[in-house]
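Structure file protein.txt (compact mmCIF, C-alpha atoms) follows.
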# COMPACT_ATOMS: atom_id res chain seq x y z
CA ALA A 272 2.18 23.72 -9.43
CA ALA A 273 2.56 20.21 -8.05
CA SER A 274 3.71 16.85 -9.36
CA MET A 275 2.98 13.42 -7.91
CA LEU A 276 5.99 11.12 -8.05
CA SER A 277 5.27 7.42 -7.69
CA THR A 278 7.55 4.39 -7.70
CA HIS A 279 4.66 1.93 -8.06
CA PRO A 280 5.16 -0.31 -11.11
CA VAL A 281 3.83 1.48 -14.18
CA LYS A 282 1.25 -1.25 -14.93
CA TYR A 283 -0.27 -0.70 -11.50
CA ARG A 284 -0.59 3.05 -11.90
CA SER A 285 -1.39 3.12 -15.62
CA GLY A 286 -5.09 3.76 -14.95
CA VAL A 287 -4.34 7.13 -13.35
CA VAL A 288 -3.81 10.21 -15.51
CA SER A 289 -3.21 13.83 -14.63
CA ALA A 290 -6.83 14.68 -15.39
CA ASP A 291 -7.87 12.52 -12.42
CA LEU A 292 -5.93 14.70 -9.99
CA VAL A 293 -7.08 18.04 -8.61
CA ASN A 294 -5.74 21.49 -9.52
CA GLY A 295 -3.74 20.29 -12.48
CA ILE A 296 -1.38 18.04 -10.53
CA LYS A 297 0.80 16.02 -12.89
CA ALA A 298 1.34 12.31 -12.28
CA PHE A 299 4.92 11.25 -13.00
CA TYR A 300 5.88 7.59 -12.76
CA ILE A 301 9.50 6.93 -11.88
CA LYS A 302 11.02 4.32 -14.15
CA GLY A 303 14.62 4.98 -13.15
CA PRO A 304 16.86 7.43 -11.28
CA ASP A 305 18.19 9.24 -14.36
CA GLU A 306 14.73 10.02 -15.71
CA ALA A 307 13.45 11.19 -12.33
CA ILE A 308 16.47 13.41 -11.62
CA GLU A 309 16.19 15.01 -15.07
CA TYR A 310 12.52 15.76 -14.44
CA ILE A 311 13.30 17.29 -11.02
CA LYS A 312 16.16 19.34 -12.49
CA ASN A 313 13.92 20.81 -15.18
CA ASN A 314 10.93 21.54 -12.94
CA HIS A 315 12.29 22.31 -9.49
CA ASN A 316 11.79 26.09 -9.64
CA GLU A 317 8.02 25.95 -10.11
CA THR A 318 6.92 22.70 -8.54
CA ILE A 319 6.23 21.23 -5.13
CA PHE A 320 6.70 17.50 -5.47
CA ILE A 321 4.47 14.99 -3.71
CA VAL A 322 6.29 11.70 -3.21
CA ASN A 323 4.25 8.52 -3.03
CA ILE A 324 5.73 5.25 -1.70
CA ALA A 325 9.40 6.05 -2.41
CA HIS A 326 10.15 7.24 1.13
CA PHE A 327 9.63 3.75 2.51
CA TYR A 328 12.45 2.22 0.51
CA LYS A 329 16.22 2.63 0.36
CA ALA A 330 15.97 2.61 -3.42
CA GLY A 331 14.22 5.98 -3.18
CA LEU A 332 17.13 7.79 -1.52
CA PHE A 333 18.31 9.18 -4.84
CA LEU A 334 15.10 11.26 -4.94
CA PHE A 335 15.75 12.95 -1.62
CA ARG A 336 19.38 13.62 -2.48
CA ALA A 337 18.25 15.24 -5.73
CA PHE A 338 15.76 17.35 -3.76
CA ARG A 339 18.59 18.60 -1.57
CA LYS A 340 20.90 19.26 -4.51
CA PHE A 341 18.30 21.40 -6.31
CA SER A 342 16.76 22.91 -3.10
CA VAL A 343 13.40 21.39 -3.91
CA LYS A 344 10.29 21.74 -1.75
CA TYR A 345 8.50 18.44 -1.42
CA ALA A 346 5.86 16.59 0.55
CA VAL A 347 5.73 12.92 1.48
CA TYR A 348 2.42 11.13 1.51
CA ALA A 349 2.08 8.86 4.55
CA MET A 350 -0.45 6.11 4.12
CA SER A 351 -0.91 3.12 6.40
CA PRO A 352 0.81 -0.05 5.18
CA SER A 353 -1.05 -3.36 5.23
CA PRO A 354 0.14 -6.17 7.49
CA PHE A 355 1.65 -9.25 5.92
CA ASN A 356 1.21 -12.83 7.06
CA ALA A 357 4.40 -14.78 6.33
CA SER A 358 2.58 -18.11 6.57
CA PHE A 359 1.57 -17.78 2.93
CA GLN A 360 5.16 -17.51 1.67
CA ASN A 361 6.38 -20.05 -0.79
CA LYS A 362 8.19 -22.64 1.30
CA ASN A 363 11.23 -22.40 -0.97
CA SER A 364 11.60 -18.68 -0.19
CA ARG A 365 11.57 -19.02 3.58
CA GLU A 366 14.72 -18.71 5.58
CA LYS A 367 16.22 -22.04 6.57
CA SER A 368 18.33 -20.57 9.39
CA PRO A 369 17.64 -21.53 13.02
CA TRP A 370 14.85 -19.46 14.55
CA ILE A 371 17.23 -17.62 16.87
CA ILE A 372 19.31 -16.45 13.87
CA GLN A 373 16.14 -15.28 12.12
CA TRP A 374 15.03 -13.41 15.25
CA ILE A 375 18.42 -11.68 15.62
CA ARG A 376 18.43 -10.74 11.94
CA ARG A 377 14.94 -9.22 12.16
CA LYS A 378 15.88 -7.24 15.27
CA LEU A 379 19.07 -6.00 13.63
CA ILE A 380 17.26 -4.90 10.48
CA ARG A 381 14.61 -3.12 12.54
CA THR A 382 17.29 -1.33 14.59
CA ILE A 383 19.04 -0.16 11.43
CA GLU A 384 15.74 1.12 10.04
CA LEU A 385 15.00 3.06 13.21
CA LEU A 386 18.47 4.60 13.17
CA GLN A 387 18.04 5.51 9.51
CA TYR A 388 14.76 7.27 10.25
CA SER A 389 16.09 9.13 13.28
CA ILE A 390 19.32 10.57 11.89
CA PRO A 391 19.31 14.23 10.80
CA ALA A 392 18.59 14.76 7.13
CA TRP A 393 21.99 16.30 6.42
CA MET A 394 23.79 13.16 7.62
CA GLY A 395 21.98 11.12 5.00
CA ARG A 396 22.75 13.77 2.36
CA VAL A 397 19.03 14.21 1.78
CA GLY A 398 16.68 17.16 1.91
CA ALA A 399 14.04 17.13 4.65
CA PRO A 400 10.40 17.28 3.51
CA THR A 401 8.61 20.61 3.59
CA PHE A 402 5.34 18.86 4.41
CA VAL A 403 4.15 15.47 5.58
CA LEU A 404 0.64 14.67 4.32
CA ALA A 405 -0.52 12.32 7.04
CA ALA A 406 -3.48 9.95 7.14
CA GLY A 407 -2.75 8.32 10.49
CA ARG A 408 -0.77 9.52 13.49
CA LYS A 409 1.21 6.33 14.17
CA LEU A 410 2.76 6.24 10.71
CA ILE A 411 4.39 9.64 11.21
CA GLU A 412 6.73 8.03 13.74
CA LYS A 413 8.20 5.94 10.91
CA MET A 414 8.64 8.79 8.47
CA PRO A 415 12.29 9.31 7.54
CA TYR A 416 14.12 12.61 7.43
CA PRO A 417 11.73 15.23 8.82
CA ASP A 418 13.30 18.17 10.62
CA LYS A 419 12.04 20.98 12.87
CA LYS A 420 10.79 22.95 9.87
CA THR A 421 8.74 20.09 8.46
CA LYS A 422 5.02 20.79 8.77
CA THR A 423 2.58 17.91 9.27
CA ILE A 424 -0.78 18.29 7.54
CA HIS A 425 -3.32 15.85 8.97
CA GLY A 426 -5.92 14.61 6.56
CA HIS A 427 -7.64 11.39 5.65
CA MET A 428 -7.23 8.49 3.27
CA PRO A 429 -8.68 8.85 -0.28
CA ASN A 430 -11.36 6.31 0.60
CA TYR A 431 -13.09 8.95 2.70
CA ASP A 432 -13.56 11.10 -0.40
CA THR A 433 -15.17 8.14 -2.14
CA TYR A 434 -17.46 7.65 0.84
CA LEU A 435 -18.55 11.30 0.82
CA LYS A 436 -19.35 11.12 -2.90
CA LYS A 437 -21.40 7.92 -2.66
CA LYS A 438 -22.97 7.92 0.80
CA ASP A 439 -26.27 9.46 -0.37
CA GLN A 440 -26.44 7.20 -3.43
CA ILE A 441 -26.33 3.88 -1.58
CA GLN A 442 -29.48 2.19 -0.36
CA VAL A 443 -28.36 0.44 2.82
CA GLU A 444 -30.17 -2.86 3.27
CA THR A 445 -28.31 -5.50 5.25
CA LYS A 446 -28.24 -8.77 3.33
CA ASN A 447 -27.17 -12.25 4.28
CA TYR A 448 -23.58 -12.29 3.13
CA PHE A 449 -20.06 -11.63 4.42
CA VAL A 450 -17.73 -9.60 2.19
CA PHE A 451 -14.02 -10.32 1.82
CA LEU A 452 -11.81 -7.37 0.85
CA ASP A 453 -9.46 -8.92 -1.65
CA GLN A 454 -5.89 -7.58 -1.82
CA ASN A 455 -4.70 -9.71 -4.72
CA TRP A 456 -1.66 -10.66 -2.62
CA PRO A 457 -0.15 -13.47 -4.73
CA PHE A 458 -0.26 -11.31 -7.88
CA SER A 459 0.23 -7.87 -6.31
CA PRO A 460 2.32 -5.36 -8.32
CA ASN A 461 3.78 -4.28 -4.97
CA LEU A 462 5.81 -7.49 -5.01
CA LYS A 463 7.70 -6.08 -8.00
CA ILE A 464 9.22 -3.34 -5.83
CA PRO A 465 12.86 -4.41 -5.26
CA GLU A 466 12.64 -4.22 -1.46
CA ASN A 467 9.72 -6.67 -1.58
CA SER A 468 11.56 -9.20 -3.75
CA TRP A 469 11.93 -11.58 -0.80
CA LEU A 470 8.15 -11.91 -0.55
CA CYS A 471 6.87 -14.88 -2.48
CA ILE A 472 3.29 -15.95 -1.80
CA ASP A 473 2.26 -19.40 -2.96
CA ALA A 474 -1.00 -18.68 -4.81
CA ALA A 475 -2.34 -22.24 -4.58
CA LYS A 476 -1.68 -22.42 -0.85
CA TYR A 477 -3.04 -18.93 -0.22
CA TYR A 478 -6.36 -19.42 -2.03
CA ALA A 479 -6.85 -22.92 -0.68
CA ALA A 480 -6.52 -21.60 2.88
CA LEU A 481 -8.89 -18.71 2.20
CA ASN A 482 -11.53 -20.94 0.67
CA ARG A 483 -11.36 -23.44 3.51
CA PHE A 484 -12.01 -20.58 5.91
CA PHE A 485 -14.86 -19.25 3.76
CA ASP A 486 -16.40 -22.74 3.60
CA TYR A 487 -16.34 -22.91 7.39
CA LEU A 488 -17.92 -19.46 7.79
CA GLU A 489 -20.70 -20.21 5.32
CA ILE A 490 -21.67 -23.38 7.14
CA LYS A 491 -21.26 -21.96 10.64
CA PHE A 492 -23.25 -18.78 10.01
CA ASN A 493 -25.58 -19.97 7.23
CA THR A 494 -24.40 -17.26 4.88
CA LYS A 495 -22.40 -16.65 1.70
CA VAL A 496 -19.01 -14.98 1.26
CA VAL A 497 -18.82 -12.38 -1.53
CA ILE A 498 -15.47 -11.14 -2.85
CA ALA A 499 -14.80 -7.41 -3.30
CA ALA A 500 -12.02 -7.64 -5.89
CA HIS A 501 -8.90 -5.49 -5.61
CA PRO A 502 -8.46 -2.88 -8.40
CA THR A 503 -5.37 -4.70 -9.71
CA ALA A 504 -7.03 -8.13 -9.72
CA LYS A 505 -7.86 -9.95 -12.93
CA HIS A 506 -10.02 -12.65 -11.43
CA HIS A 507 -12.00 -13.00 -14.65
CA LEU A 508 -8.89 -14.69 -16.06
CA LYS A 509 -8.81 -17.09 -13.11
CA PRO A 510 -12.50 -17.70 -12.27
CA ASP A 511 -11.81 -20.67 -9.99
CA LEU A 512 -9.62 -18.82 -7.46
CA PHE A 513 -12.54 -18.41 -5.04
CA TYR A 514 -14.25 -21.71 -5.88
CA GLY A 515 -17.09 -20.14 -7.82
CA ARG A 516 -17.99 -17.48 -5.28
CA ARG A 517 -19.45 -14.19 -6.47
CA VAL A 518 -16.72 -11.66 -7.28
CA GLU A 519 -17.50 -7.95 -7.74
CA LYS A 520 -15.04 -5.28 -8.87
CA GLY A 521 -15.53 -1.55 -8.33
CA LYS A 522 -18.38 -2.05 -5.82
CA THR A 523 -16.46 -2.35 -2.55
CA LEU A 524 -18.30 0.44 -0.73
CA GLU A 525 -21.70 -0.91 -1.75
CA LEU A 526 -20.81 -4.46 -0.77
CA ILE A 527 -19.57 -3.35 2.65
CA ALA A 528 -22.63 -1.18 3.31
CA ASN A 529 -25.03 -4.08 2.81
CA SER A 530 -23.02 -6.92 4.35
CA ARG A 531 -23.38 -8.66 7.71
CA LEU A 532 -19.61 -8.79 8.28
CA VAL A 533 -16.41 -7.55 6.64
CA LEU A 534 -13.37 -9.84 6.29
CA SER A 535 -9.92 -8.40 5.62
CA HIS A 536 -6.19 -9.00 6.01
CA GLY A 537 -5.62 -5.27 6.43
CA SER A 538 -7.08 -3.58 3.37
CA SER A 539 -7.41 0.19 3.47
CA SER A 540 -11.01 -0.37 2.34
CA SER A 541 -11.72 -1.56 5.88
CA GLU A 542 -12.26 2.14 6.59
CA TYR A 543 -15.61 1.91 4.83
CA ALA A 544 -16.86 -0.47 7.53
Starting from the file, give its structure as structure tokens.
Amino acid sequence: AASMLSTHPVKYRSGVVSADLVNGIKAFYIKGPDEAIEYIKNNHNETIFIVNIAHFYKAGLFLFRAFRKFSVKYAVYAMSPSPFNASFQNKNSREKSPWIIQWIRRKLIRTIELLQYSIPAWMGRVGAPTFVLAAGRKLIEKMPYPDKKTKTIHGHMPNYDTYLKKKDQIQVETKNYFVFLDQNWPFSPNLKIPENSWLCIDAAKYYAALNRFFDYLEIKFNTKVVIAAHPTAKHHLKPDLFYGRRVEKGKTLELIANSRLVLSHGSSSSEYA
């Protein structure tokens, strides 16, 4: 048996149920350390755990220490993170230190992270993963706590499964529009993760900048920009975010297939292009 452990905010993952996962995998959403440890304690003899997201954050260390304590077999799911452009931060959240201090701080933090990822598992009092489920070779270099017994299983991102299911159903006919792959950055549930608390994106500034760019593209290339809404987005509650542009949800693959050009910050849906 297998269980998927996720530290995404519950509201973000609430649309996923165990029935959506193959081979009876259970989806378990971590709301706190005590609940997660109790679940691991009661299921560790018959379950291989698949950990989603937690391995990227210090707040997830309690999981790996529980795995070691109960001799649990587990796999970490390595997916490519999206880049972040700090220029859209709320000006009040930006560091006011001199640039050299900011640079030193960033270098120091990065060095600490690299050391954390390179130390043997036993030194961090954590259990090394049995498997790494990898969708991208570069990301494996940043995976914490593997050891010589850890087996890497190379695969692909879930978007490829969607592509295989729909590729024969889509009538490809290039139309005169560009598609923007929305990531719902200002309202992203990922910003609720404690380690991301320093990120604060000014929604007004963000959407104003996007729309200025879209205006320029539409004039320059005599086209229209269509928005492929992110699954977490609720743009119907804020219809003016994209200045009246067409917004489609749940049709990302179709929009990409028929577009002239794909625009993206770093969405995983870029794979469809």
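When atom CA of Gly426 of chain A is paired with atom CA of Phe333 of chain A, their separation reads 27.3 Å.
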A:Pro429, A:Gly537, A:Gly398, A:Pro457 ranked by distance to Ser342 of chain A, top pick (using all atoms listed in the file)
A:Gly398
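Counting all atoms listed in the file, the residue from A:Val518, A:Val450, A:Ala307, A:Ile375 that sits nearest to Arg531 of chain A is A:Val450.
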Taking into account only C-alpha atoms, which residue in the set A:Asn482, A:Thr401, A:Gln454, A:Ser530 is nearest to Phe320 of chain A?
A:Thr401
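Taking atom CA of Tyr448 of chain A as the reference point, atom CA of Val496 of chain A is found at 5.6 Å.
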Considering all atoms listed in the file, can you say which of A:Asn314, A:Gln442, A:Asn455, A:Thr423 comes closest to Leu512 of chain A?
A:Asn455
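Interatomic distance, atom CA of Glu309 of chain A to atom CA of Thr421 of chain A: 25.2 Å.
Within 8 Å of the file-frame point (-0.8, 17.1, 5.1), and using all atoms listed in the file, the polymer residues found are Tyr348, Phe402, Val403, Leu404, Ala405, Ala406, Lys422, Thr423, Ile424, His425 and Gly426 of chain A.
You can rank A:Ile308, A:Val443, A:Ile490, A:Ala399 by their closest distance to Asp418 of chain A using all atoms listed in the file, and at the top of that list sits A:Ala399.
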If you count all atoms listed in the file, which residues fall within 10 Å of Glu519 of chain A, apart from same-chain ones fewer than 2 positions away, as a PyMOL selection string?
chain A and resi 497-501+506+516-517+521-523+526
Residue subset to file, keeping C-alpha atoms, as an mmCIF file, in the frame of the given file:
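Wrote result.cif, looks like this:
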data_model
loop_
_atom_site.group_PDB
_atom_site.id
_atom_site.type_symbol
_atom_site.label_atom_id
_atom_site.label_comp_id
_atom_site.auth_asym_id
_atom_site.auth_seq_id
_atom_site.Cartn_x
_atom_site.Cartn_y
_atom_site.Cartn_z
ATOM 1 C CA VAL A 497 -18.820 -12.380 -1.530
ATOM 2 C CA ILE A 498 -15.470 -11.140 -2.850
ATOM 3 C CA ALA A 499 -14.800 -7.410 -3.300
ATOM 4 C CA ALA A 500 -12.020 -7.640 -5.890
ATOM 5 C CA HIS A 501 -8.900 -5.490 -5.610
ATOM 6 C CA HIS A 506 -10.020 -12.650 -11.430
ATOM 7 C CA ARG A 516 -17.990 -17.480 -5.280
ATOM 8 C CA ARG A 517 -19.450 -14.190 -6.470
ATOM 9 C CA GLY A 521 -15.530 -1.550 -8.330
ATOM 10 C CA LYS A 522 -18.380 -2.050 -5.820
ATOM 11 C CA THR A 523 -16.460 -2.350 -2.550
ATOM 12 C CA LEU A 526 -20.810 -4.460 -0.770
#
Exercise: residues within 9 Å of coordinate (-13.0, -2.5, 3.0), counting all atoms listed in the file, as a compact mmCIF listing (two decimals) with C-alpha atoms, in the coordinates of the input:
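For reference, selection-v8.txt as written:
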# COMPACT_ATOMS: atom_id res chain seq x y z
CA VAL A 450 -17.73 -9.60 2.19
CA PHE A 451 -14.02 -10.32 1.82
CA LEU A 452 -11.81 -7.37 0.85
CA ASP A 453 -9.46 -8.92 -1.65
CA ALA A 499 -14.80 -7.41 -3.30
CA THR A 523 -16.46 -2.35 -2.55
CA LEU A 524 -18.30 0.44 -0.73
CA LEU A 526 -20.81 -4.46 -0.77
CA ILE A 527 -19.57 -3.35 2.65
CA VAL A 533 -16.41 -7.55 6.64
CA LEU A 534 -13.37 -9.84 6.29
CA SER A 535 -9.92 -8.40 5.62
CA GLY A 537 -5.62 -5.27 6.43
CA SER A 538 -7.08 -3.58 3.37
CA SER A 539 -7.41 0.19 3.47
CA SER A 540 -11.01 -0.37 2.34
CA SER A 541 -11.72 -1.56 5.88
CA GLU A 542 -12.26 2.14 6.59
CA TYR A 543 -15.61 1.91 4.83
CA ALA A 544 -16.86 -0.47 7.53
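Checking A:Trp456, A:Lys509, A:Ile472, A:Leu532 one by one against Phe492 of chain A, counting all atoms listed in the file, you find the shortest gap at A:Leu532.
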Can you patch up segment 431-450 of chain A, filling it in to N, CA and C atoms, and show the result as a compact mmCIF listing (two decimals), keeping the file's coordinate frame?
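Now in selection_18.txt:
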# COMPACT_ATOMS: atom_id res chain seq x y z
N TYR A 431 -12.08 8.10 2.07
CA TYR A 431 -13.09 8.95 2.70
C TYR A 431 -13.75 9.85 1.67
N ASP A 432 -12.98 10.31 0.67
CA ASP A 432 -13.56 11.10 -0.40
C ASP A 432 -14.58 10.29 -1.19
N THR A 433 -14.24 9.02 -1.44
CA THR A 433 -15.17 8.14 -2.14
C THR A 433 -16.46 7.96 -1.34
N TYR A 434 -16.29 7.79 -0.04
CA TYR A 434 -17.46 7.65 0.84
C TYR A 434 -18.36 8.88 0.78
N LEU A 435 -17.77 10.07 0.85
CA LEU A 435 -18.55 11.30 0.82
C LEU A 435 -19.32 11.44 -0.49
N LYS A 436 -18.71 11.01 -1.59
CA LYS A 436 -19.35 11.12 -2.90
C LYS A 436 -20.53 10.15 -3.04
N LYS A 437 -20.41 8.97 -2.41
CA LYS A 437 -21.40 7.92 -2.66
C LYS A 437 -22.39 7.67 -1.53
N LYS A 438 -22.17 8.29 -0.37
CA LYS A 438 -22.97 7.92 0.80
C LYS A 438 -24.47 8.15 0.60
N ASP A 439 -24.84 9.17 -0.16
CA ASP A 439 -26.27 9.46 -0.37
C ASP A 439 -26.84 8.67 -1.55
N GLN A 440 -25.98 7.95 -2.26
CA GLN A 440 -26.44 7.20 -3.43
C GLN A 440 -26.70 5.73 -3.11
N ILE A 441 -26.25 5.30 -1.93
CA ILE A 441 -26.33 3.88 -1.58
C ILE A 441 -27.55 3.61 -0.71
N GLN A 442 -28.34 2.65 -1.15
CA GLN A 442 -29.48 2.19 -0.36
C GLN A 442 -28.99 1.09 0.57
N VAL A 443 -28.89 1.41 1.86
CA VAL A 443 -28.36 0.44 2.82
C VAL A 443 -29.46 -0.53 3.23
N GLU A 444 -29.23 -1.80 2.92
CA GLU A 444 -30.17 -2.86 3.27
C GLU A 444 -29.36 -4.11 3.57
N THR A 445 -29.17 -4.39 4.85
CA THR A 445 -28.31 -5.50 5.25
C THR A 445 -28.81 -6.82 4.65
N LYS A 446 -27.90 -7.50 3.97
CA LYS A 446 -28.24 -8.77 3.33
C LYS A 446 -27.41 -9.90 3.94
N ASN A 447 -27.81 -11.10 3.65
CA ASN A 447 -27.17 -12.25 4.28
C ASN A 447 -25.92 -12.69 3.54
N TYR A 448 -24.88 -11.90 3.67
CA TYR A 448 -23.58 -12.29 3.13
C TYR A 448 -22.46 -11.60 3.91
N PHE A 449 -21.29 -12.23 3.92
CA PHE A 449 -20.06 -11.63 4.42
C PHE A 449 -19.27 -11.16 3.19
N VAL A 450 -18.54 -10.07 3.31
CA VAL A 450 -17.73 -9.60 2.19
C VAL A 450 -16.25 -9.68 2.55
